[in-house]
Amino acid sequence: MALRFEVIGRFNRARAAILTLPHFLCQTPLFMPVGTQGTIKGLANSQLEDIGCQIILGNTYHLALRPNAELIDDMGGLHNFMNWKRALLTDSGGFQMVSLLHLADITEEGVTFQSPVDGKPMLLTPEESIHIQNKIGADIIMALDDVVKTTITGPRIEEAMNRTLRWIDRCIAAHKKPDEQNLFGIVQGGLDPVLRDICVKGLVDRDLPGYAIGGLAGGEDKGSFWRVVAQCTASLPDDKPRYVMGVGYPLDIVVCSALGADMYDCVYPTRTARFGTALVPEGILKMKHKAMADDYRPIDSTCDCMVCKKYTRAYIHCLVTKDAMGSQLLSYHNLRYMIRLSKNLHMSILEGRFPQFVQEFLRLQFPKGDVPEWVCNAMEVAGIDISSCCFDCSSNVSTSYSSDTDSISYSSTSSSPSSTTVASCACFDVGRKAVVKSRSLVGIGTKRGMRRRGGFWSKLLMRSTNDYRRG
């Protein structure tokens with residue numbers, strides 16, 4: 001085993017830890033940016049070091065296609081090839097069973113892909129995945145698992161879970177560098193708690209250096225999402241790192257950390273940056289919106305990143321509408337936001353103020369207390385009281401859109417809800433989803449705004465009002 005995991009602080013299920021890897025000493029909870037082919041789009045490695053990045057994630061399938069594992073091995077491994085001195089994690093290529101399903105054929109032997117580069121077939125077996133990852137040389141390598149979408153039901157879920165357990169033995173046998181690289185197993189089983197339990201037990205019996213919770217963030221409802229995370233973290237070993245794969249929304253990371261998870265990865269912060277969206281404590285800022293054109297404030301006045309210190313929203317707005325530099329600056333800021341969030345989670349647990357941190361996070365994200373029901377339920381299981389953040393369901397909330405600030409404002413009223421009132425409370429959040437979905441419209445919540453969106457959103461807004469009356 002080439003890692004050491006030491007829990008140094010706790011609050012109920014949440015924990016802060018030191019994860020010592022061959023190339024870096026990391027603090028958890030931690031977020032890992034995704035550099036599929038050995039690079040974070042638009043950012044230099046020195047910039048990633050500046051913002052505090054601890055681990056970069058690469059993808060075995062894509063690196064094997066281009067530049068190829070042999071070249072990387074000849075260059076002394078991916079660390080040398082990309083000149084990255086800190087830790088690396090490589091995914092096994094299993095996710096491509098879902099993302100490239102139209103190019104893949106899955107059998108007991110492995111997965112046969114049609115290369116998107118040259119069209120040639122490529123057989124990725126558990127042995128070959130580990131062989132490639134041994135050449136790449138990442139600190140953490142992932143076992144090849146049989147991945148299916150959580151929205152799929154029926155015998156395919158059980159087949160994938162059982163195959164994942166059979167494949168982990170082949171991965172362990174093929175792993176030639178256990179003293180240099182850490183092989184993590186991946187818990188599968190869809191949304192079936194029985195199958196998840198079987199997979200957890202099977203992996204724990206093999207005493208791996210760490211464990212991942214896979215098969216999530218694929219379209220399942222949030223209630224099912226947090227329950228799977230809670231079930232798996234409760235059963236996985238306390239002295240090993242727990243990695244929830246593909247999770248990158250700030251709210252999800254806070255909830256999963258409260259439930260006892262340690263590591264996360266996602267393309268979300270950089271992908272949303274390329275669409276002109278900035279992450280802020282209150283949620284998101286759409287920098288392409290015309291309201292940003294003459295806004296001379298930084299993206300986030302509380303952020304310590306270079307972008308927020310040196311540039312205004314107006315300048316970023318000008319860039320994202322015309323120049324690639326805009327997406328690069330937003331990627332820098334968004335990743336710094338995620339790394340600051342991880343650091344704040346770590347420190348709040350260490351300093352015994354984790355509940356207060358969660359409460360303040362939720363107050364900023366949901367200023368009028370419309371915390372989603374799934375979050376409330378997850379926090380109850382995590383033993384964190386967020387009642388002070390949740391809206392009193394006995395009141396009504398009217399919602400309006402401001403084109404000047406690209407924000408939604410709320411006001412309480414004791415009168416009966418009108419057609420412009422949207423239910424927004426801890427036990428019902430469809431109304432807020434409708435408003436957020438429509439936030440780029442002028443006149444949202446008015447007859448004019450409903451007409452512009454057409455009948456569907458008008459019905460959804462009215463349905464949320466009617467449900468609110470009944471609730």
# chains A, B, ... in the order shown; residues from 1 in each chain; ligands from 1
call {"tool": "select_by_dssp", "arguments": {"residues": "segment 31-229 of chain A", "states": "strand (DSSP E)", "output": "CSV table (one decimal) with N, CA and C atoms, in the first residue's frame"}}
result
chain,number,residue,atom,x,y,z
A,31,PHE,N,-11.4,18.2,-3.8
A,31,PHE,CA,-12.0,18.2,-5.1
A,31,PHE,C,-10.8,18.0,-6.1
A,32,MET,N,-11.0,17.2,-7.1
A,32,MET,CA,-10.0,16.9,-8.1
A,32,MET,C,-10.5,17.4,-9.5
A,33,PRO,N,-9.8,18.4,-10.1
A,33,PRO,CA,-10.2,18.8,-11.4
A,33,PRO,C,-9.9,17.7,-12.4
A,55,ILE,N,-4.7,17.1,-6.5
A,55,ILE,CA,-4.8,15.9,-7.3
A,55,ILE,C,-5.4,16.3,-8.6
A,56,ILE,N,-4.9,15.9,-9.7
A,56,ILE,CA,-5.5,16.0,-11.0
A,56,ILE,C,-6.0,14.6,-11.5
A,57,LEU,N,-7.1,14.5,-12.1
A,57,LEU,CA,-7.6,13.3,-12.6
A,57,LEU,C,-7.4,13.2,-14.1
A,58,GLY,N,-6.8,12.0,-14.5
A,58,GLY,CA,-6.7,11.7,-16.0
A,58,GLY,C,-7.5,10.5,-16.3
A,59,ASN,N,-7.7,10.2,-17.6
A,59,ASN,CA,-8.5,9.1,-18.0
A,59,ASN,C,-7.7,8.1,-18.8
A,87,ALA,N,-0.1,15.1,-6.9
A,87,ALA,CA,-0.7,13.8,-7.1
A,87,ALA,C,-1.5,13.7,-8.3
A,88,LEU,N,-1.6,12.4,-8.8
A,88,LEU,CA,-2.5,12.1,-10.0
A,88,LEU,C,-3.4,10.9,-9.7
A,89,LEU,N,-4.6,10.9,-10.3
A,89,LEU,CA,-5.5,9.8,-10.2
A,89,LEU,C,-5.9,9.5,-11.6
A,90,THR,N,-5.9,8.2,-12.0
A,90,THR,CA,-6.4,7.9,-13.3
A,90,THR,C,-7.7,7.0,-13.2
A,91,ASP,N,-8.7,7.4,-13.9
A,91,ASP,CA,-9.9,6.5,-14.0
A,91,ASP,C,-9.6,5.3,-14.9
A,104,ALA,N,-19.3,0.9,-27.8
A,104,ALA,CA,-18.7,-0.1,-26.9
A,104,ALA,C,-19.6,-1.4,-26.9
A,105,ASP,N,-18.9,-2.5,-26.8
A,105,ASP,CA,-19.5,-3.8,-26.6
A,105,ASP,C,-18.9,-4.5,-25.4
A,106,ILE,N,-19.8,-4.8,-24.4
A,106,ILE,CA,-19.3,-5.2,-23.1
A,106,ILE,C,-19.6,-6.7,-23.0
A,111,VAL,N,-14.2,-4.7,-22.4
A,111,VAL,CA,-15.0,-3.8,-23.2
A,111,VAL,C,-14.3,-3.5,-24.5
A,112,THR,N,-15.0,-3.7,-25.6
A,112,THR,CA,-14.4,-3.4,-26.9
A,112,THR,C,-15.0,-2.1,-27.4
A,113,PHE,N,-14.1,-1.1,-27.6
A,113,PHE,CA,-14.5,0.2,-28.0
A,113,PHE,C,-14.1,0.4,-29.5
A,114,GLN,N,-14.9,1.1,-30.2
A,114,GLN,CA,-14.4,1.6,-31.5
A,114,GLN,C,-13.8,3.0,-31.3
A,121,PRO,N,-10.9,-1.0,-33.5
A,121,PRO,CA,-11.4,-1.6,-32.3
A,121,PRO,C,-10.3,-1.6,-31.2
A,122,MET,N,-10.7,-1.4,-30.0
A,122,MET,CA,-9.8,-1.4,-28.9
A,122,MET,C,-10.4,-2.3,-27.7
A,123,LEU,N,-9.8,-3.3,-27.3
A,123,LEU,CA,-10.3,-4.2,-26.3
A,123,LEU,C,-9.7,-3.7,-24.9
A,124,LEU,N,-10.5,-3.3,-24.0
A,124,LEU,CA,-10.0,-2.9,-22.7
A,124,LEU,C,-10.5,-3.9,-21.7
A,140,ILE,N,-3.0,7.1,-7.6
A,140,ILE,CA,-4.2,6.3,-7.4
A,140,ILE,C,-4.7,5.8,-8.8
A,141,ILE,N,-4.9,4.5,-8.9
A,141,ILE,CA,-5.5,4.0,-10.1
A,141,ILE,C,-6.8,3.3,-9.7
A,142,MET,N,-7.7,3.3,-10.7
A,142,MET,CA,-9.0,2.7,-10.4
A,142,MET,C,-9.2,1.4,-11.1
A,182,ASN,N,-1.8,3.1,-5.8
A,182,ASN,CA,-2.9,2.6,-4.9
A,182,ASN,C,-4.1,2.2,-5.8
A,183,LEU,N,-4.5,1.0,-5.7
A,183,LEU,CA,-5.7,0.5,-6.5
A,183,LEU,C,-6.9,0.6,-5.7
A,184,PHE,N,-7.9,1.4,-6.2
A,184,PHE,CA,-9.2,1.6,-5.5
A,184,PHE,C,-10.2,0.8,-6.2
A,185,GLY,N,-11.1,0.1,-5.4
A,185,GLY,CA,-12.2,-0.6,-6.0
A,185,GLY,C,-13.4,0.4,-6.1
A,186,ILE,N,-14.4,0.0,-6.9
A,186,ILE,CA,-15.6,0.9,-7.1
A,186,ILE,C,-16.8,0.1,-6.8
A,187,VAL,N,-17.6,0.7,-5.9
A,187,VAL,CA,-18.9,0.1,-5.5
A,187,VAL,C,-20.0,0.4,-6.6
A,210,GLY,N,-8.3,2.0,-0.9
A,210,GLY,CA,-9.3,3.0,-0.9
A,210,GLY,C,-10.5,2.5,-1.7
A,211,TYR,N,-11.6,3.2,-1.6
A,211,TYR,CA,-12.9,2.7,-2.2
A,211,TYR,C,-13.6,3.9,-2.8
A,212,ALA,N,-14.2,3.7,-4.0
A,212,ALA,CA,-15.0,4.7,-4.7
A,212,ALA,C,-16.5,4.3,-4.7
A,213,ILE,N,-17.3,5.2,-4.7
A,213,ILE,CA,-18.8,5.0,-4.9
A,213,ILE,C,-19.1,5.4,-6.3
call {"tool": "select_by_dssp", "arguments": {"residues": "segment 291-383 of chain A", "states": "alpha helix (DSSP H)", "output": "number ranges by chain"}}
result
A: 306-310, 313-320, 325-350, 354-365, 373-382
call {"tool": "closest_residue", "arguments": {"among": "A:His317, A:Cys390, A:Asn334, A:Glu6", "to": "Asp304 of chain A", "atoms": "only C-alpha atoms"}}
result
A:Asn334
call {"tool": "closest_atom_pairs", "arguments": {"of": "segment 174-214 of chain A", "to": "segment 223-235 of chain A", "cutoff": "9 Å", "atoms": "only C-alpha atoms", "output": "JSON lines"}}
result
{"residue": "A:Val187", "atom": "CA", "partner": "A:Cys232", "partner_atom": "CA", "distance": 8.0}
{"residue": "A:Gly190", "atom": "CA", "partner": "A:Val228", "partner_atom": "CA", "distance": 8.5}
{"residue": "A:Leu191", "atom": "CA", "partner": "A:Ser224", "partner_atom": "CA", "distance": 6.6}
{"residue": "A:Asp192", "atom": "CA", "partner": "A:Val228", "partner_atom": "CA", "distance": 8.5}
{"residue": "A:Pro193", "atom": "CA", "partner": "A:Val228", "partner_atom": "CA", "distance": 7.3}
{"residue": "A:Arg196", "atom": "CA", "partner": "A:Cys232", "partner_atom": "CA", "distance": 7.3}
{"residue": "A:Asp197", "atom": "CA", "partner": "A:Cys232", "partner_atom": "CA", "distance": 7.5}
{"residue": "A:Val200", "atom": "CA", "partner": "A:Cys232", "partner_atom": "CA", "distance": 7.0}
{"residue": "A:Lys201", "atom": "CA", "partner": "A:Ser235", "partner_atom": "CA", "distance": 8.1}
{"residue": "A:Val204", "atom": "CA", "partner": "A:Ser235", "partner_atom": "CA", "distance": 9.0}
{"residue": "A:Ile213", "atom": "CA", "partner": "A:Cys232", "partner_atom": "CA", "distance": 7.2}
call {"tool": "write_last_selection", "arguments": {"atoms": "N, CA, C and O atoms", "output": "PDB file, in the first residue's frame"}}
result
ATOM      1  N   VAL A 187     -17.640   0.716  -5.900  1.00  0.00           N
ATOM      2  CA  VAL A 187     -18.907   0.116  -5.487  1.00  0.00           C
ATOM      3  C   VAL A 187     -19.963   0.383  -6.553  1.00  0.00           C
ATOM      4  O   VAL A 187     -20.234   1.529  -6.908  1.00  0.00           O
ATOM      5  N   GLY A 190     -26.252   0.129  -8.696  1.00  0.00           N
ATOM      6  CA  GLY A 190     -27.380   0.996  -9.022  1.00  0.00           C
ATOM      7  C   GLY A 190     -27.994   1.620  -7.793  1.00  0.00           C
ATOM      8  O   GLY A 190     -27.299   2.008  -6.852  1.00  0.00           O
ATOM      9  N   LEU A 191     -29.310   1.697  -7.785  1.00  0.00           N
ATOM     10  CA  LEU A 191     -30.039   2.273  -6.654  1.00  0.00           C
ATOM     11  C   LEU A 191     -30.604   1.194  -5.734  1.00  0.00           C
ATOM     12  O   LEU A 191     -31.408   1.491  -4.856  1.00  0.00           O
ATOM     13  N   ASP A 192     -30.165  -0.038  -5.929  1.00  0.00           N
ATOM     14  CA  ASP A 192     -30.644  -1.170  -5.127  1.00  0.00           C
ATOM     15  C   ASP A 192     -29.775  -1.307  -3.877  1.00  0.00           C
ATOM     16  O   ASP A 192     -28.597  -1.651  -3.977  1.00  0.00           O
ATOM     17  N   PRO A 193     -30.327  -1.077  -2.688  1.00  0.00           N
ATOM     18  CA  PRO A 193     -29.505  -1.148  -1.468  1.00  0.00           C
ATOM     19  C   PRO A 193     -28.947  -2.537  -1.207  1.00  0.00           C
ATOM     20  O   PRO A 193     -27.855  -2.673  -0.640  1.00  0.00           O
ATOM     21  N   ARG A 196     -25.933  -2.891  -3.520  1.00  0.00           N
ATOM     22  CA  ARG A 196     -24.836  -2.042  -3.024  1.00  0.00           C
ATOM     23  C   ARG A 196     -24.164  -2.690  -1.817  1.00  0.00           C
ATOM     24  O   ARG A 196     -22.936  -2.668  -1.693  1.00  0.00           O
ATOM     25  N   ASP A 197     -24.942  -3.260  -0.915  1.00  0.00           N
ATOM     26  CA  ASP A 197     -24.368  -3.915   0.261  1.00  0.00           C
ATOM     27  C   ASP A 197     -23.482  -5.097  -0.137  1.00  0.00           C
ATOM     28  O   ASP A 197     -22.395  -5.300   0.416  1.00  0.00           O
ATOM     29  N   VAL A 200     -20.234  -3.646  -1.591  1.00  0.00           N
ATOM     30  CA  VAL A 200     -19.382  -3.086  -0.540  1.00  0.00           C
ATOM     31  C   VAL A 200     -18.674  -4.190   0.221  1.00  0.00           C
ATOM     32  O   VAL A 200     -17.453  -4.146   0.434  1.00  0.00           O
ATOM     33  N   LYS A 201     -19.440  -5.199   0.632  1.00  0.00           N
ATOM     34  CA  LYS A 201     -18.843  -6.290   1.407  1.00  0.00           C
ATOM     35  C   LYS A 201     -17.768  -7.016   0.597  1.00  0.00           C
ATOM     36  O   LYS A 201     -16.680  -7.326   1.117  1.00  0.00           O
ATOM     37  N   VAL A 204     -14.650  -4.714   0.425  1.00  0.00           N
ATOM     38  CA  VAL A 204     -13.994  -4.563   1.727  1.00  0.00           C
ATOM     39  C   VAL A 204     -13.240  -5.848   2.088  1.00  0.00           C
ATOM     40  O   VAL A 204     -12.155  -5.798   2.673  1.00  0.00           O
ATOM     41  N   ILE A 213     -17.344   5.230  -4.727  1.00  0.00           N
ATOM     42  CA  ILE A 213     -18.776   4.988  -4.922  1.00  0.00           C
ATOM     43  C   ILE A 213     -19.086   5.408  -6.347  1.00  0.00           C
ATOM     44  O   ILE A 213     -19.023   6.588  -6.691  1.00  0.00           O
TER      45      ILE A 213
END
call {"tool": "residues_around", "arguments": {"residues": "Met347 of chain A", "least_positions_apart": "2", "cutoff": "10 Å", "atoms": "only C-alpha atoms", "output": "list in words"}}
result
Gly9, Ala16, Gln27, Thr28, Pro29, Leu341, Ser342, Lys343, Asn344, Leu345, Ile349, Leu350, Glu351, Gly352, Arg353, Phe354 and Phe357 of chain A
call {"tool": "write_last_selection", "arguments": {"atoms": "N, CA and C atoms", "output": "JSON list (two decimals), in the first residue's frame"}}
result
[["chain", "number", "residue", "atom", "x", "y", "z"],
["A", 9, "GLY", "N", -9.92, 14.93, 12.30],
["A", 9, "GLY", "CA", -11.04, 15.69, 12.85],
["A", 9, "GLY", "C", -12.35, 15.09, 12.40],
["A", 16, "ALA", "N", -12.31, 15.17, 8.57],
["A", 16, "ALA", "CA", -11.17, 15.83, 7.94],
["A", 16, "ALA", "C", -9.98, 14.91, 8.10],
["A", 27, "GLN", "N", -5.09, 17.17, 1.85],
["A", 27, "GLN", "CA", -6.10, 17.36, 2.89],
["A", 27, "GLN", "C", -7.48, 17.03, 2.32],
["A", 28, "THR", "N", -8.25, 16.28, 3.09],
["A", 28, "THR", "CA", -9.61, 15.97, 2.67],
["A", 28, "THR", "C", -10.60, 16.61, 3.64],
["A", 29, "PRO", "N", -11.83, 16.88, 3.14],
["A", 29, "PRO", "CA", -12.37, 16.63, 1.81],
["A", 29, "PRO", "C", -11.59, 17.39, 0.72],
["A", 341, "LEU", "N", -13.72, 25.80, -1.24],
["A", 341, "LEU", "CA", -14.82, 25.08, -0.59],
["A", 341, "LEU", "C", -14.29, 23.85, 0.13],
["A", 342, "SER", "N", -13.43, 23.08, -0.55],
["A", 342, "SER", "CA", -12.86, 21.89, 0.07],
["A", 342, "SER", "C", -12.04, 22.25, 1.31],
["A", 343, "LYS", "N", -11.23, 23.30, 1.19],
["A", 343, "LYS", "CA", -10.41, 23.74, 2.31],
["A", 343, "LYS", "C", -11.28, 24.19, 3.48],
["A", 344, "ASN", "N", -12.35, 24.90, 3.18],
["A", 344, "ASN", "CA", -13.24, 25.36, 4.25],
["A", 344, "ASN", "C", -13.97, 24.21, 4.93],
["A", 345, "LEU", "N", -14.33, 23.19, 4.15],
["A", 345, "LEU", "CA", -14.91, 21.99, 4.75],
["A", 345, "LEU", "C", -13.92, 21.35, 5.71],
["A", 349, "ILE", "N", -14.39, 21.33, 9.98],
["A", 349, "ILE", "CA", -14.45, 20.09, 10.74],
["A", 349, "ILE", "C", -13.37, 20.07, 11.81],
["A", 350, "LEU", "N", -12.16, 20.47, 11.44],
["A", 350, "LEU", "CA", -11.06, 20.50, 12.40],
["A", 350, "LEU", "C", -11.35, 21.43, 13.56],
["A", 351, "GLU", "N", -11.94, 22.57, 13.27],
["A", 351, "GLU", "CA", -12.16, 23.60, 14.29],
["A", 351, "GLU", "C", -13.48, 23.46, 15.03],
["A", 352, "GLY", "N", -14.21, 22.38, 14.75],
["A", 352, "GLY", "CA", -15.44, 22.11, 15.48],
["A", 352, "GLY", "C", -16.60, 23.02, 15.13],
["A", 353, "ARG", "N", -16.60, 23.59, 13.92],
["A", 353, "ARG", "CA", -17.68, 24.49, 13.51],
["A", 353, "ARG", "C", -18.32, 24.04, 12.20],
["A", 354, "PHE", "N", -18.29, 22.74, 11.95],
["A", 354, "PHE", "CA", -18.85, 22.23, 10.71],
["A", 354, "PHE", "C", -20.35, 22.51, 10.58],
["A", 357, "PHE", "N", -20.75, 26.02, 9.48],
["A", 357, "PHE", "CA", -20.35, 26.21, 8.09],
["A", 357, "PHE", "C", -21.45, 25.75, 7.14]]
call {"tool": "residues_around", "arguments": {"residues": "segment 143-153 of chain A", "least_positions_apart": "2", "cutoff": "9 Å", "atoms": "only C-alpha atoms", "output": "PyMOL selection string"}}
result
chain A and resi 91-98+106+110-111+124-127+129-130+141+155-157+159-165+167-168+171-172+183-191+214-221
call {"tool": "closest_residue", "arguments": {"among": "A:Gln54, A:Thr107, A:Ala293, A:Thr36", "to": "Tyr264 of chain A", "atoms": "only C-alpha atoms"}}
result
A:Gln54
call {"tool": "atom_distance", "arguments": {"atom1": "atom CA of His131 of chain A", "atom2": "atom CA of Thr39 of chain A"}}
result
21.6 Å
call {"tool": "decode", "arguments": {"residues": "segment 382-393 of chain A", "atoms": "N, CA, C and O atoms", "output": "PDB file, in the first residue's frame"}}
result
ATOM      1  N   ALA A 382     -27.109  12.959   8.682  1.00  0.00           N
ATOM      2  CA  ALA A 382     -25.742  13.363   9.032  1.00  0.00           C
ATOM      3  C   ALA A 382     -25.653  13.966  10.434  1.00  0.00           C
ATOM      4  O   ALA A 382     -24.545  14.216  10.920  1.00  0.00           O
ATOM      5  N   GLY A 383     -26.781  14.197  11.077  1.00  0.00           N
ATOM      6  CA  GLY A 383     -26.785  14.738  12.437  1.00  0.00           C
ATOM      7  C   GLY A 383     -26.503  16.224  12.498  1.00  0.00           C
ATOM      8  O   GLY A 383     -25.937  16.712  13.482  1.00  0.00           O
ATOM      9  N   ILE A 384     -26.901  16.971  11.454  1.00  0.00           N
ATOM     10  CA  ILE A 384     -26.675  18.421  11.412  1.00  0.00           C
ATOM     11  C   ILE A 384     -28.018  19.139  11.387  1.00  0.00           C
ATOM     12  O   ILE A 384     -28.853  18.904  10.500  1.00  0.00           O
ATOM     13  N   ASP A 385     -28.233  19.989  12.349  1.00  0.00           N
ATOM     14  CA  ASP A 385     -29.484  20.735  12.463  1.00  0.00           C
ATOM     15  C   ASP A 385     -29.446  21.940  11.528  1.00  0.00           C
ATOM     16  O   ASP A 385     -28.653  22.864  11.724  1.00  0.00           O
ATOM     17  N   ILE A 386     -30.289  21.930  10.501  1.00  0.00           N
ATOM     18  CA  ILE A 386     -30.355  23.071   9.585  1.00  0.00           C
ATOM     19  C   ILE A 386     -31.725  23.740   9.644  1.00  0.00           C
ATOM     20  O   ILE A 386     -32.121  24.452   8.716  1.00  0.00           O
ATOM     21  N   SER A 387     -32.437  23.545  10.733  1.00  0.00           N
ATOM     22  CA  SER A 387     -33.783  24.120  10.850  1.00  0.00           C
ATOM     23  C   SER A 387     -33.755  25.640  10.744  1.00  0.00           C
ATOM     24  O   SER A 387     -34.713  26.249  10.257  1.00  0.00           O
ATOM     25  N   SER A 388     -32.660  26.269  11.181  1.00  0.00           N
ATOM     26  CA  SER A 388     -32.571  27.727  11.108  1.00  0.00           C
ATOM     27  C   SER A 388     -32.426  28.227   9.672  1.00  0.00           C
ATOM     28  O   SER A 388     -32.586  29.421   9.412  1.00  0.00           O
ATOM     29  N   CYS A 389     -32.115  27.328   8.745  1.00  0.00           N
ATOM     30  CA  CYS A 389     -31.921  27.717   7.336  1.00  0.00           C
ATOM     31  C   CYS A 389     -33.160  27.484   6.499  1.00  0.00           C
ATOM     32  O   CYS A 389     -33.204  27.899   5.338  1.00  0.00           O
ATOM     33  N   CYS A 390     -34.155  26.793   7.063  1.00  0.00           N
ATOM     34  CA  CYS A 390     -35.287  26.346   6.263  1.00  0.00           C
ATOM     35  C   CYS A 390     -36.479  27.265   6.420  1.00  0.00           C
ATOM     36  O   CYS A 390     -36.791  27.729   7.516  1.00  0.00           O
ATOM     37  N   PHE A 391     -37.175  27.483   5.340  1.00  0.00           N
ATOM     38  CA  PHE A 391     -38.338  28.359   5.286  1.00  0.00           C
ATOM     39  C   PHE A 391     -39.502  27.762   6.068  1.00  0.00           C
ATOM     40  O   PHE A 391     -39.743  26.562   6.020  1.00  0.00           O
ATOM     41  N   ASP A 392     -40.237  28.618   6.770  1.00  0.00           N
ATOM     42  CA  ASP A 392     -41.431  28.205   7.494  1.00  0.00           C
ATOM     43  C   ASP A 392     -42.550  27.979   6.491  1.00  0.00           C
ATOM     44  O   ASP A 392     -43.013  28.912   5.828  1.00  0.00           O
ATOM     45  N   CYS A 393     -43.014  26.742   6.370  1.00  0.00           N
ATOM     46  CA  CYS A 393     -43.988  26.398   5.343  1.00  0.00           C
ATOM     47  C   CYS A 393     -45.344  27.048   5.571  1.00  0.00           C
ATOM     48  O   CYS A 393     -46.229  26.944   4.738  1.00  0.00           O
TER      49      CYS A 393
END
